[in-house]
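Listing of target09.cif; format and content: mmCIF, C-alpha atoms.
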```
data_target
loop_
_atom_site.label_atom_id
_atom_site.label_comp_id
_atom_site.auth_asym_id
_atom_site.auth_seq_id
_atom_site.Cartn_x
_atom_site.Cartn_y
_atom_site.Cartn_z
CA SER A 1 63.98 14.24 -1.30
CA GLY A 2 62.43 10.75 -1.51
CA ARG A 3 59.31 11.80 -3.42
CA GLU A 4 58.49 10.55 -6.84
CA VAL A 5 56.94 12.78 -9.44
CA ASP A 6 55.58 11.27 -12.64
CA LEU A 7 56.20 12.86 -16.00
CA VAL A 8 52.85 14.66 -16.14
CA GLY A 9 53.56 16.51 -12.89
CA GLN A 10 51.11 14.69 -10.60
CA ARG A 11 52.29 13.78 -7.13
CA ASP A 12 51.78 10.51 -5.37
CA GLU A 13 49.34 10.09 -2.45
CA VAL A 14 51.89 11.09 0.21
CA GLY A 15 51.37 14.53 1.77
CA VAL A 16 53.83 16.91 3.38
CA GLY A 17 56.18 15.27 5.84
CA GLY A 18 55.67 11.76 4.43
CA THR A 19 52.23 11.20 6.06
CA PRO A 20 49.32 9.98 3.95
CA THR A 21 46.51 12.47 3.33
CA PRO A 22 43.26 11.47 5.07
CA THR A 23 40.29 10.64 2.88
CA PRO A 24 37.23 12.81 3.50
CA THR A 25 34.44 11.15 5.48
CA PRO A 26 31.24 10.61 3.49
CA THR A 27 28.24 12.64 4.56
CA PRO A 28 25.46 10.42 5.97
CA THR A 29 22.28 10.23 3.94
CA PRO A 30 19.25 11.69 5.71
CA THR A 31 16.70 9.19 6.92
CA PRO A 32 13.34 9.41 5.13
CA GLU A 33 10.30 10.61 7.00
CA SER A 34 7.75 8.11 8.22
CA VAL A 35 6.18 6.46 5.18
CA ARG A 36 2.42 6.14 5.47
CA ARG A 37 1.20 3.26 3.31
CA PRO A 38 -2.31 1.78 3.53
CA THR A 39 -2.51 -1.97 2.96
CA VAL A 40 -5.13 -4.64 2.39
CA MET A 41 -4.42 -7.26 5.06
CA SER A 42 -5.72 -10.24 3.07
CA ASP A 43 -6.09 -11.33 -0.57
CA THR A 44 -9.56 -12.67 0.22
CA ALA A 45 -12.67 -11.18 1.76
CA THR A 46 -16.03 -12.60 2.78
CA ALA A 47 -19.36 -11.30 1.61
CA ARG A 48 -22.52 -11.11 3.62
CA ILE A 49 -25.67 -11.74 1.60
CA ARG A 50 -29.08 -10.92 3.02
CA GLU A 51 -32.43 -11.17 1.35
CA LYS A 52 -33.80 -7.91 -0.10
CA ARG A 53 -30.60 -6.05 0.80
CA PRO A 54 -27.38 -5.33 -1.08
CA ALA A 55 -24.46 -7.69 -0.53
CA THR A 56 -21.57 -6.32 1.48
CA ALA A 57 -17.94 -7.40 1.52
CA VAL A 58 -15.79 -6.81 4.59
CA LEU A 59 -12.20 -5.75 3.90
CA ARG A 60 -9.46 -5.67 6.53
CA LEU A 61 -7.27 -2.63 6.00
CA GLY A 62 -4.08 -1.64 7.81
CA CYS A 63 -1.63 1.24 8.04
CA ALA A 64 2.07 0.46 7.62
CA SER A 65 3.37 3.53 9.43
CA SER A 66 5.28 4.06 12.61
CA GLY A 67 4.23 7.62 13.26
CA GLU A 68 1.08 9.04 11.75
CA ALA A 69 -2.27 7.60 10.71
CA CYS A 70 -3.11 6.70 7.10
CA THR A 71 -5.97 8.64 5.56
CA SER A 72 -7.14 7.61 2.11
CA THR A 73 -10.11 7.30 -0.17
CA VAL A 74 -10.95 3.65 -0.83
CA GLN A 75 -12.35 3.04 -4.30
CA VAL A 76 -13.76 -0.39 -5.14
CA LYS A 77 -14.00 -1.45 -8.79
CA ILE A 78 -15.38 -4.52 -10.50
CA ARG A 79 -14.27 -4.93 -14.12
CA GLY A 80 -13.13 -1.31 -14.21
CA LYS A 81 -16.43 0.13 -12.98
CA VAL A 82 -16.48 1.96 -9.64
CA VAL A 83 -19.03 0.30 -7.35
CA ASP A 84 -18.28 1.96 -4.00
CA THR A 85 -16.14 4.77 -2.59
CA THR A 86 -15.46 5.67 1.02
CA THR A 87 -12.88 7.60 3.06
CA VAL A 88 -10.99 5.68 5.73
CA ARG A 89 -8.60 6.73 8.50
CA VAL A 90 -6.52 3.96 10.09
CA ARG A 91 -4.23 4.60 13.07
CA ALA A 92 -0.52 3.93 12.63
CA GLY A 93 0.23 0.21 12.93
CA ALA A 94 -3.45 -0.64 13.40
CA GLN A 95 -6.09 -2.49 11.38
CA LYS A 96 -9.66 -1.58 10.54
CA GLN A 97 -12.57 -3.41 8.93
CA VAL A 98 -14.43 -1.61 6.16
CA ALA A 99 -17.70 -2.84 4.65
CA VAL A 100 -18.23 -2.08 0.96
CA THR A 101 -21.52 -2.45 -0.89
CA LEU A 102 -21.56 -4.76 -3.90
CA PRO A 103 -23.87 -4.36 -6.93
CA LYS A 104 -26.73 -6.76 -7.79
CA GLN A 105 -24.70 -8.54 -10.47
CA ALA A 106 -21.99 -9.38 -7.92
CA LYS A 107 -24.62 -10.60 -5.45
CA ARG A 108 -26.08 -12.95 -8.08
CA LYS A 109 -22.64 -14.28 -8.97
CA LEU A 110 -21.85 -14.93 -5.29
CA LEU A 111 -25.18 -16.70 -4.80
CA ARG A 112 -24.23 -19.11 -7.61
CA GLY A 113 -21.05 -19.99 -5.71
CA LYS A 114 -18.67 -18.00 -7.90
CA LYS A 115 -16.00 -15.56 -6.74
CA VAL A 116 -15.97 -11.83 -7.40
CA VAL A 117 -12.65 -10.03 -7.86
CA LEU A 118 -12.50 -6.46 -6.54
CA ALA A 119 -9.83 -3.93 -7.44
CA ILE A 120 -9.17 -1.86 -4.33
CA THR A 121 -7.50 1.51 -4.88
CA PHE A 122 -6.30 3.68 -2.01
CA THR A 123 -5.84 7.29 -3.02
CA GLY A 124 -3.70 8.74 -0.27
CA THR A 125 -4.37 12.17 1.22
CA GLY A 126 -2.06 14.29 3.36
CA GLY A 127 1.19 12.45 2.62
CA THR A 128 -0.25 8.93 2.49
CA GLN A 129 0.90 6.84 -0.48
CA SER A 130 -1.55 5.53 -3.09
CA VAL A 131 -1.87 1.75 -3.54
CA THR A 132 -3.92 -0.58 -5.80
CA ARG A 133 -4.61 -4.22 -4.91
CA SER A 134 -7.06 -6.92 -6.02
CA VAL A 135 -9.12 -8.98 -3.56
CA LYS A 136 -11.19 -12.14 -4.19
CA VAL A 137 -14.58 -12.15 -2.50
CA THR A 138 -16.41 -15.34 -1.52
CA VAL A 139 -19.63 -15.97 0.40
CA ARG A 140 -19.40 -16.61 4.10
CA ARG A 141 -21.24 -19.89 4.74
#
```

Give the structure from the file, written as C-alpha cells.
Amino acid sequence: SGREVDLVGQRDEVGVGGTPTPTPTPTPTPTPESVRRPTVMSDTATARIREKRPATAVLRLGCASSGEACTSTVQVKIRGKVVDTTTVRVRAGAQKQVAVTLPKQAKRKLLRGKKVVLAITFTGTGGTQSVTRSVKVTVRR
C-alpha cells in the first residue's frame, strides 16, 4: 500500500490518502493590559535653600503608561530614614514636578557644597507598579 510502519507500530507523518497532516496553529498569547509605571525623570535634582525655611528638592516625575494615570505614594528616604511622604497622581505619558522637604542635616550638607542622595520609593496604588530609585540632590546656584 506504499506506507511504512515501523516495528513498534507507529505510523509515519503521512495521513489518509497520502496527504500530510496539518500542524495545529499556535494560540496567540494575550496582550498585557496597560502597564502603569511611575518614573523619576532624572538622576539629579536641585534644591532650593532659603534662610529660616526648610530646604526643598524638586523632583521631576513621569508616568510610563499609554492608558491610565499613575497614582502612587512617594516616600523620600535619606540613609534609610523617611524624611517626606506625599501622594502624587501623574497623567498617562505626562510629567509632574514634586517638591519634597529636606531635613536640617541635609540643608547643612548642601550649604557646605556637598551632595545629598535621596532614595525615592513609589508605592503604587490601584494597579500602578512600585518602583525605587536614588536621586542626587545639589544646590541650585

Using all atoms listed in the file, can you tell me which of A:Arg37, A:Ser134, A:Leu110, A:Val74 comes closest to Val98 (chain A)?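 Closest to Val98 (chain A) of all the choices is A:Val74.
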
Translate the PyMOL selection byres ((chain A and resi 41-43) around 12), as applied to the file shown, into an explicit residue set as a PyMOL selection string. chain A and resi 38-40+44-46+58-64+93-98+117-120+133-138

Test item: the PyMOL selection byres ((chain A and resi 68) around 8) resolved as JSON, numbers by chain: {"A": [34, 36, 65, 66, 67, 69, 70, 91, 92]}

What's the 10 Å shell around Arg108 (chain A), counting only C-alpha atoms, without same-chain residues fewer than 5 positions away, as a short mmCIF file (atom, residue, chain, number, x, y, z; two decimals) with C-alpha atoms, in the frame of the given file?
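Final output, saved to selection-v3.cif:
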```cif
data_model
loop_
_atom_site.label_atom_id
_atom_site.label_comp_id
_atom_site.auth_asym_id
_atom_site.auth_seq_id
_atom_site.Cartn_x
_atom_site.Cartn_y
_atom_site.Cartn_z
CA ILE A 49 -25.67 -11.74 1.60
CA ALA A 55 -24.46 -7.69 -0.53
CA PRO A 103 -23.87 -4.36 -6.93
CA GLY A 113 -21.05 -19.99 -5.71
CA LYS A 114 -18.67 -18.00 -7.90
#
```

When you count all atoms listed in the file, which of these residues is closest to Gln129 (chain A): A:Thr73, A:Glu51, A:Lys81, A:Thr56? A:Thr73

Can you list what the PyMOL selection byres ((chain A and resi 131) around 6) grabs from this structure, as a PyMOL selection string? chain A and resi 121-122+130+132

Please compute the CA of Val35 (chain A)-CA of Val88 (chain A) distance, one decimal, in Å.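 Answer for the CA of Val35 (chain A) to CA of Val88 (chain A) separation: 17.2 Å.
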
Hey, can you check how far CA of Val83 (chain A) sits from CA of Arg48 (chain A)?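 So the answer is 16.2 Å.
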
re CA of Thr101 (chain A) and CA of Arg79 (chain A): distance 15.3 Å

A:Ala106, A:Thr71, A:Val76, A:Val100: which is nearest Gly124 (chain A), counting only C-alpha atoms?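 Closest to Gly124 (chain A) of all the choices is A:Thr71.
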
Closest of A:Thr125, A:Gln75, A:Val139, A:Asp84 to Lys107 (chain A) - atom-to-atom distances counting all atoms listed in the file: A:Val139
